[in-house]
Amino acid sequence: MQRKNSPIDTARANLSFDTKRSIMKKIVIAIDGHSSCGKSTMAKQLAREVGYIYVDSGAMYRAVTLFALRAGLFEPDGTIRHAELRARMPEVKVSFRLDEASGLPRTMLNGEDVEEAIRTIEVSNCVSPIATLDFVREAMTSLQQEMGKSKGIVMDGRDIGTAVFPNAELKIFVTASAEVRARRRYDELQAKGMPATFEEILHNVQERDYIDSHREINPLRQAPDALVLDNSTLTIEEQNEWLHYQFKQAVGE
Ligand code: CDP
């Protein structure tokens, strides 16, 4: 069967690598950890520095959640209409499009740019139950593995080093206290003018931690060969420096 070029291939083709990077060993970098602990900030920064593709796997679960919300597949009590969502999964096309200005991929749902729409507190409140569903995980995992085939990728999530890329050359497990994470997420939403209270966010962070760690399929857990980073007291610069050092070690520079 002829496969269409995935949007991630287009993103790759658009990236300009300098000579040194193009001959450097390409690896897969898996960054897992608790919600809102700054995984994506560090993953994006590293990808930019070393000319890799950044993939936010959480954005993919968020996009499926947005689809389910829009399609009315949640009961008023929050239960998901599983059978209907399963039947409609073939209609859910999640992809990424490279944003020329920032050099970062934007999340697309059936051709629509949903990068902002998937970050609301409503989606955050509904995403973890969606991410427990076997058919959703299977679909997202195979899409993610496809994206990592040519290496040169930084992917962040919950199960990247354990289930998606168990052979990743560099695995990082990031964490920080729930209060610190909620504060960071609160500041981020405030800066974007998106409404939410600190208490609401803290509750969401704690609830997602619980669901993510206790679900049956591919729960959030640290891969035995992952390097652990507790960034509760680190600045963004300090954590980026730490990650860059680990990257250099992994590629043998
Ligand atoms: O940004 P934040 O770290 O708070 O969350 P996210 O990375 O956007 O992921 C949203 C949710 O998707 C998580 O709370 C998980 O429930 C789910 N997820 C997952 O199950 N597996 C992944 N690889 C990534 C996210």
# chains A, B, ... in the order shown; residues from 1 in each chain; ligands from 1
>>> residues_near_ligand(ligand="ligand 1", cutoff="8 Å", atoms="only C-alpha atoms and all ligand atoms", output="VMD selection string")
chain A and resid 32 to 40 56 to 62 119 124 127 to 132 137 156 to 160 185 205 208 to 209 211 to 212 218 to 220
>>> residues_around(residues="Ile172 (chain A)", least_positions_apart="2", cutoff="8 Å", atoms="only C-alpha atoms", output="list in words")
Ile29, Ala30, Ile31, Asp32, Gly161, Leu170, Val174, Ala226, Leu227, Val228 and Leu229 of chain A
>>> write_last_selection(atoms="all heavy atoms", output="mmCIF file, in the first residue's frame")
data_model
loop_
_atom_site.group_PDB
_atom_site.id
_atom_site.type_symbol
_atom_site.label_atom_id
_atom_site.label_comp_id
_atom_site.auth_asym_id
_atom_site.auth_seq_id
_atom_site.Cartn_x
_atom_site.Cartn_y
_atom_site.Cartn_z
ATOM 1 N N ILE A 29 15.155 10.440 21.369
ATOM 2 C CA ILE A 29 15.170 10.923 22.755
ATOM 3 C C ILE A 29 13.750 10.846 23.305
ATOM 4 O O ILE A 29 12.823 11.450 22.748
ATOM 5 C CB ILE A 29 15.692 12.372 22.814
ATOM 6 C CG1 ILE A 29 17.084 12.444 22.159
ATOM 7 C CG2 ILE A 29 15.727 12.875 24.258
ATOM 8 C CD1 ILE A 29 17.571 13.841 21.905
ATOM 9 N N ALA A 30 13.589 10.096 24.385
ATOM 10 C CA ALA A 30 12.272 9.919 25.003
ATOM 11 C C ALA A 30 12.253 10.674 26.324
ATOM 12 O O ALA A 30 13.086 10.423 27.197
ATOM 13 C CB ALA A 30 12.023 8.435 25.241
ATOM 14 N N ILE A 31 11.310 11.606 26.453
ATOM 15 C CA ILE A 31 11.201 12.364 27.706
ATOM 16 C C ILE A 31 9.823 12.091 28.320
ATOM 17 O O ILE A 31 8.801 12.452 27.748
ATOM 18 C CB ILE A 31 11.393 13.880 27.456
ATOM 19 C CG1 ILE A 31 12.746 14.111 26.752
ATOM 20 C CG2 ILE A 31 11.301 14.661 28.774
ATOM 21 C CD1 ILE A 31 13.154 15.559 26.604
ATOM 22 N N ASP A 32 9.811 11.416 29.449
ATOM 23 C CA ASP A 32 8.546 11.111 30.116
ATOM 24 C C ASP A 32 8.498 11.795 31.463
ATOM 25 O O ASP A 32 9.529 12.233 31.992
ATOM 26 C CB ASP A 32 8.424 9.590 30.322
ATOM 27 C CG ASP A 32 8.208 8.868 29.012
ATOM 28 O OD1 ASP A 32 7.233 9.218 28.312
ATOM 29 O OD2 ASP A 32 8.998 7.963 28.677
ATOM 30 N N GLY A 161 9.512 6.208 26.712
ATOM 31 C CA GLY A 161 10.687 5.370 26.954
ATOM 32 C C GLY A 161 10.342 3.932 27.315
ATOM 33 O O GLY A 161 11.195 3.051 27.273
ATOM 34 N N LEU A 170 18.349 7.741 24.410
ATOM 35 C CA LEU A 170 18.388 8.624 25.582
ATOM 36 C C LEU A 170 16.978 8.719 26.168
ATOM 37 O O LEU A 170 16.033 9.101 25.467
ATOM 38 C CB LEU A 170 18.905 10.025 25.173
ATOM 39 C CG LEU A 170 18.963 11.084 26.281
ATOM 40 C CD1 LEU A 170 19.840 10.654 27.449
ATOM 41 C CD2 LEU A 170 19.472 12.427 25.724
ATOM 42 N N VAL A 174 11.201 13.091 33.991
ATOM 43 C CA VAL A 174 11.175 14.387 34.680
ATOM 44 C C VAL A 174 10.050 14.443 35.700
ATOM 45 O O VAL A 174 8.938 13.978 35.437
ATOM 46 C CB VAL A 174 10.910 15.555 33.683
ATOM 47 C CG1 VAL A 174 11.334 16.877 34.284
ATOM 48 C CG2 VAL A 174 11.609 15.331 32.370
ATOM 49 N N ALA A 226 16.153 4.989 32.448
ATOM 50 C CA ALA A 226 15.951 6.444 32.274
ATOM 51 C C ALA A 226 16.779 7.238 33.287
ATOM 52 O O ALA A 226 17.010 6.778 34.406
ATOM 53 C CB ALA A 226 14.473 6.773 32.453
ATOM 54 N N LEU A 227 17.193 8.423 32.891
ATOM 55 C CA LEU A 227 17.875 9.333 33.811
ATOM 56 C C LEU A 227 16.797 10.194 34.444
ATOM 57 O O LEU A 227 15.923 10.711 33.740
ATOM 58 C CB LEU A 227 18.841 10.245 33.033
ATOM 59 C CG LEU A 227 19.905 9.530 32.189
ATOM 60 C CD1 LEU A 227 20.599 10.521 31.265
ATOM 61 C CD2 LEU A 227 20.917 8.872 33.120
ATOM 62 N N VAL A 228 16.837 10.354 35.768
ATOM 63 C CA VAL A 228 15.774 11.099 36.453
ATOM 64 C C VAL A 228 16.191 12.548 36.682
ATOM 65 O O VAL A 228 17.321 12.815 37.085
ATOM 66 C CB VAL A 228 15.428 10.446 37.809
ATOM 67 C CG1 VAL A 228 14.312 11.206 38.505
ATOM 68 C CG2 VAL A 228 15.030 9.007 37.611
ATOM 69 N N LEU A 229 15.250 13.438 36.414
ATOM 70 C CA LEU A 229 15.490 14.860 36.660
ATOM 71 C C LEU A 229 14.335 15.427 37.482
ATOM 72 O O LEU A 229 13.198 15.484 37.005
ATOM 73 C CB LEU A 229 15.598 15.617 35.322
ATOM 74 C CG LEU A 229 15.706 17.137 35.443
ATOM 75 C CD1 LEU A 229 17.051 17.536 36.038
ATOM 76 C CD2 LEU A 229 15.544 17.808 34.074
#
>>> closest_residue(among="A:His244, A:Lys93, A:Lys151, A:Arg181", to="Asn231 (chain A)", atoms="only C-alpha atoms")
A:Arg181
>>> closest_residue(among="A:Met42, A:Phe198, A:Val164, A:Val50", to="Leu234 (chain A)", atoms="only C-alpha atoms")
A:Met42
>>> select_by_dssp(residues="region 72-173 of chain A", states="strand (DSSP E)", output="list in words")
Val94, Ser95, Phe96, Arg97, Leu98, Asp99, Leu104, Pro105, Arg106, Thr107, Met108, Leu109, Glu112, Asp113, Ile153, Val154, Met155, Asp156, Gly157, Leu170, Lys171, Ile172 and Phe173 of chain A
>>> residues_around(residues="Ile80 (chain A)", least_positions_apart="2", cutoff="10 Å", atoms="only C-alpha atoms", output="list in words")
Ala68, Leu69, Gly72, Leu73, Phe74, Glu75, Pro76, Asp77, Gly78, His82, Ala83, Glu84, Leu85, Cys126, Pro129, Ile130 and Leu133 of chain A
>>> residues_around(residues="region 100-105 of chain A", least_positions_apart="2", cutoff="8 Å", atoms="only C-alpha atoms", output="PDB file with N, CA and C atoms, in the first residue's frame")
ATOM      1  N   ALA A  11       7.815  18.237   7.746  1.00  0.00           N
ATOM      2  CA  ALA A  11       8.512  19.055   8.732  1.00  0.00           C
ATOM      3  C   ALA A  11      10.007  18.760   8.680  1.00  0.00           C
ATOM      4  N   LYS A  44      11.429  20.909  23.452  1.00  0.00           N
ATOM      5  CA  LYS A  44      11.405  21.852  22.309  1.00  0.00           C
ATOM      6  C   LYS A  44      12.750  22.520  22.140  1.00  0.00           C
ATOM      7  N   ARG A  48      15.331  22.172  18.956  1.00  0.00           N
ATOM      8  CA  ARG A  48      15.721  23.357  18.188  1.00  0.00           C
ATOM      9  C   ARG A  48      17.250  23.428  18.093  1.00  0.00           C
ATOM     10  N   TYR A  54      10.558  17.790  17.088  1.00  0.00           N
ATOM     11  CA  TYR A  54       9.941  17.647  18.406  1.00  0.00           C
ATOM     12  C   TYR A  54       8.506  17.140  18.236  1.00  0.00           C
ATOM     13  N   VAL A  55       8.151  16.102  18.958  1.00  0.00           N
ATOM     14  CA  VAL A  55       6.766  15.621  18.914  1.00  0.00           C
ATOM     15  C   VAL A  55       6.184  15.556  20.326  1.00  0.00           C
ATOM     16  N   PHE A  96       0.860  16.787  12.473  1.00  0.00           N
ATOM     17  CA  PHE A  96       1.550  18.021  12.871  1.00  0.00           C
ATOM     18  C   PHE A  96       1.954  18.788  11.624  1.00  0.00           C
ATOM     19  N   ARG A  97       1.914  20.115  11.733  1.00  0.00           N
ATOM     20  CA  ARG A  97       2.383  20.954  10.620  1.00  0.00           C
ATOM     21  C   ARG A  97       3.446  21.886  11.158  1.00  0.00           C
ATOM     22  N   LEU A  98       4.548  21.964  10.455  1.00  0.00           N
ATOM     23  CA  LEU A  98       5.638  22.806  10.941  1.00  0.00           C
ATOM     24  C   LEU A  98       5.284  24.285  10.813  1.00  0.00           C
ATOM     25  N   THR A 107      -0.286  21.219  16.226  1.00  0.00           N
ATOM     26  CA  THR A 107      -1.164  20.044  16.190  1.00  0.00           C
ATOM     27  C   THR A 107      -2.352  20.287  15.266  1.00  0.00           C
TER      28      THR A 107
END
>>> residues_around(residues="Ile118 (chain A)", least_positions_apart="5", cutoff="7 Å", atoms="only C-alpha atoms", output="PyMOL selection string")
chain A and resi 62-63+66+123
>>> decode(residues="region 192-204 of chain A", atoms="N, CA and C atoms", output="PDB file, in the first residue's frame")
ATOM      1  N   LYS A 192      -1.412  33.509  28.723  1.00  0.00           N
ATOM      2  CA  LYS A 192      -2.142  33.376  27.452  1.00  0.00           C
ATOM      3  C   LYS A 192      -3.562  33.927  27.569  1.00  0.00           C
ATOM      4  N   GLY A 193      -3.914  34.416  28.763  1.00  0.00           N
ATOM      5  CA  GLY A 193      -5.258  34.957  28.972  1.00  0.00           C
ATOM      6  C   GLY A 193      -6.318  33.867  29.003  1.00  0.00           C
ATOM      7  N   MET A 194      -5.917  32.632  29.352  1.00  0.00           N
ATOM      8  CA  MET A 194      -6.900  31.530  29.404  1.00  0.00           C
ATOM      9  C   MET A 194      -7.362  31.354  30.850  1.00  0.00           C
ATOM     10  N   PRO A 195      -8.687  31.394  31.098  1.00  0.00           N
ATOM     11  CA  PRO A 195      -9.183  31.386  32.471  1.00  0.00           C
ATOM     12  C   PRO A 195      -9.011  30.043  33.176  1.00  0.00           C
ATOM     13  N   ALA A 196      -8.568  30.083  34.430  1.00  0.00           N
ATOM     14  CA  ALA A 196      -8.477  28.897  35.304  1.00  0.00           C
ATOM     15  C   ALA A 196      -7.940  29.365  36.648  1.00  0.00           C
ATOM     16  N   THR A 197      -8.402  28.725  37.737  1.00  0.00           N
ATOM     17  CA  THR A 197      -7.875  29.105  39.053  1.00  0.00           C
ATOM     18  C   THR A 197      -6.742  28.151  39.434  1.00  0.00           C
ATOM     19  N   PHE A 198      -5.899  28.597  40.385  1.00  0.00           N
ATOM     20  CA  PHE A 198      -4.787  27.757  40.827  1.00  0.00           C
ATOM     21  C   PHE A 198      -5.300  26.439  41.410  1.00  0.00           C
ATOM     22  N   GLU A 199      -6.363  26.519  42.226  1.00  0.00           N
ATOM     23  CA  GLU A 199      -6.906  25.324  42.892  1.00  0.00           C
ATOM     24  C   GLU A 199      -7.402  24.307  41.857  1.00  0.00           C
ATOM     25  N   GLU A 200      -8.069  24.849  40.828  1.00  0.00           N
ATOM     26  CA  GLU A 200      -8.613  23.994  39.773  1.00  0.00           C
ATOM     27  C   GLU A 200      -7.463  23.251  39.052  1.00  0.00           C
ATOM     28  N   ILE A 201      -6.380  23.992  38.817  1.00  0.00           N
ATOM     29  CA  ILE A 201      -5.247  23.400  38.101  1.00  0.00           C
ATOM     30  C   ILE A 201      -4.539  22.364  38.977  1.00  0.00           C
ATOM     31  N   LEU A 202      -4.364  22.690  40.256  1.00  0.00           N
ATOM     32  CA  LEU A 202      -3.711  21.747  41.168  1.00  0.00           C
ATOM     33  C   LEU A 202      -4.512  20.444  41.224  1.00  0.00           C
ATOM     34  N   HIS A 203      -5.818  20.588  41.314  1.00  0.00           N
ATOM     35  CA  HIS A 203      -6.690  19.415  41.354  1.00  0.00           C
ATOM     36  C   HIS A 203      -6.517  18.586  40.074  1.00  0.00           C
ATOM     37  N   ASN A 204      -6.477  19.287  38.944  1.00  0.00           N
ATOM     38  CA  ASN A 204      -6.330  18.620  37.646  1.00  0.00           C
ATOM     39  C   ASN A 204      -4.992  17.879  37.550  1.00  0.00           C
TER      40      ASN A 204
END
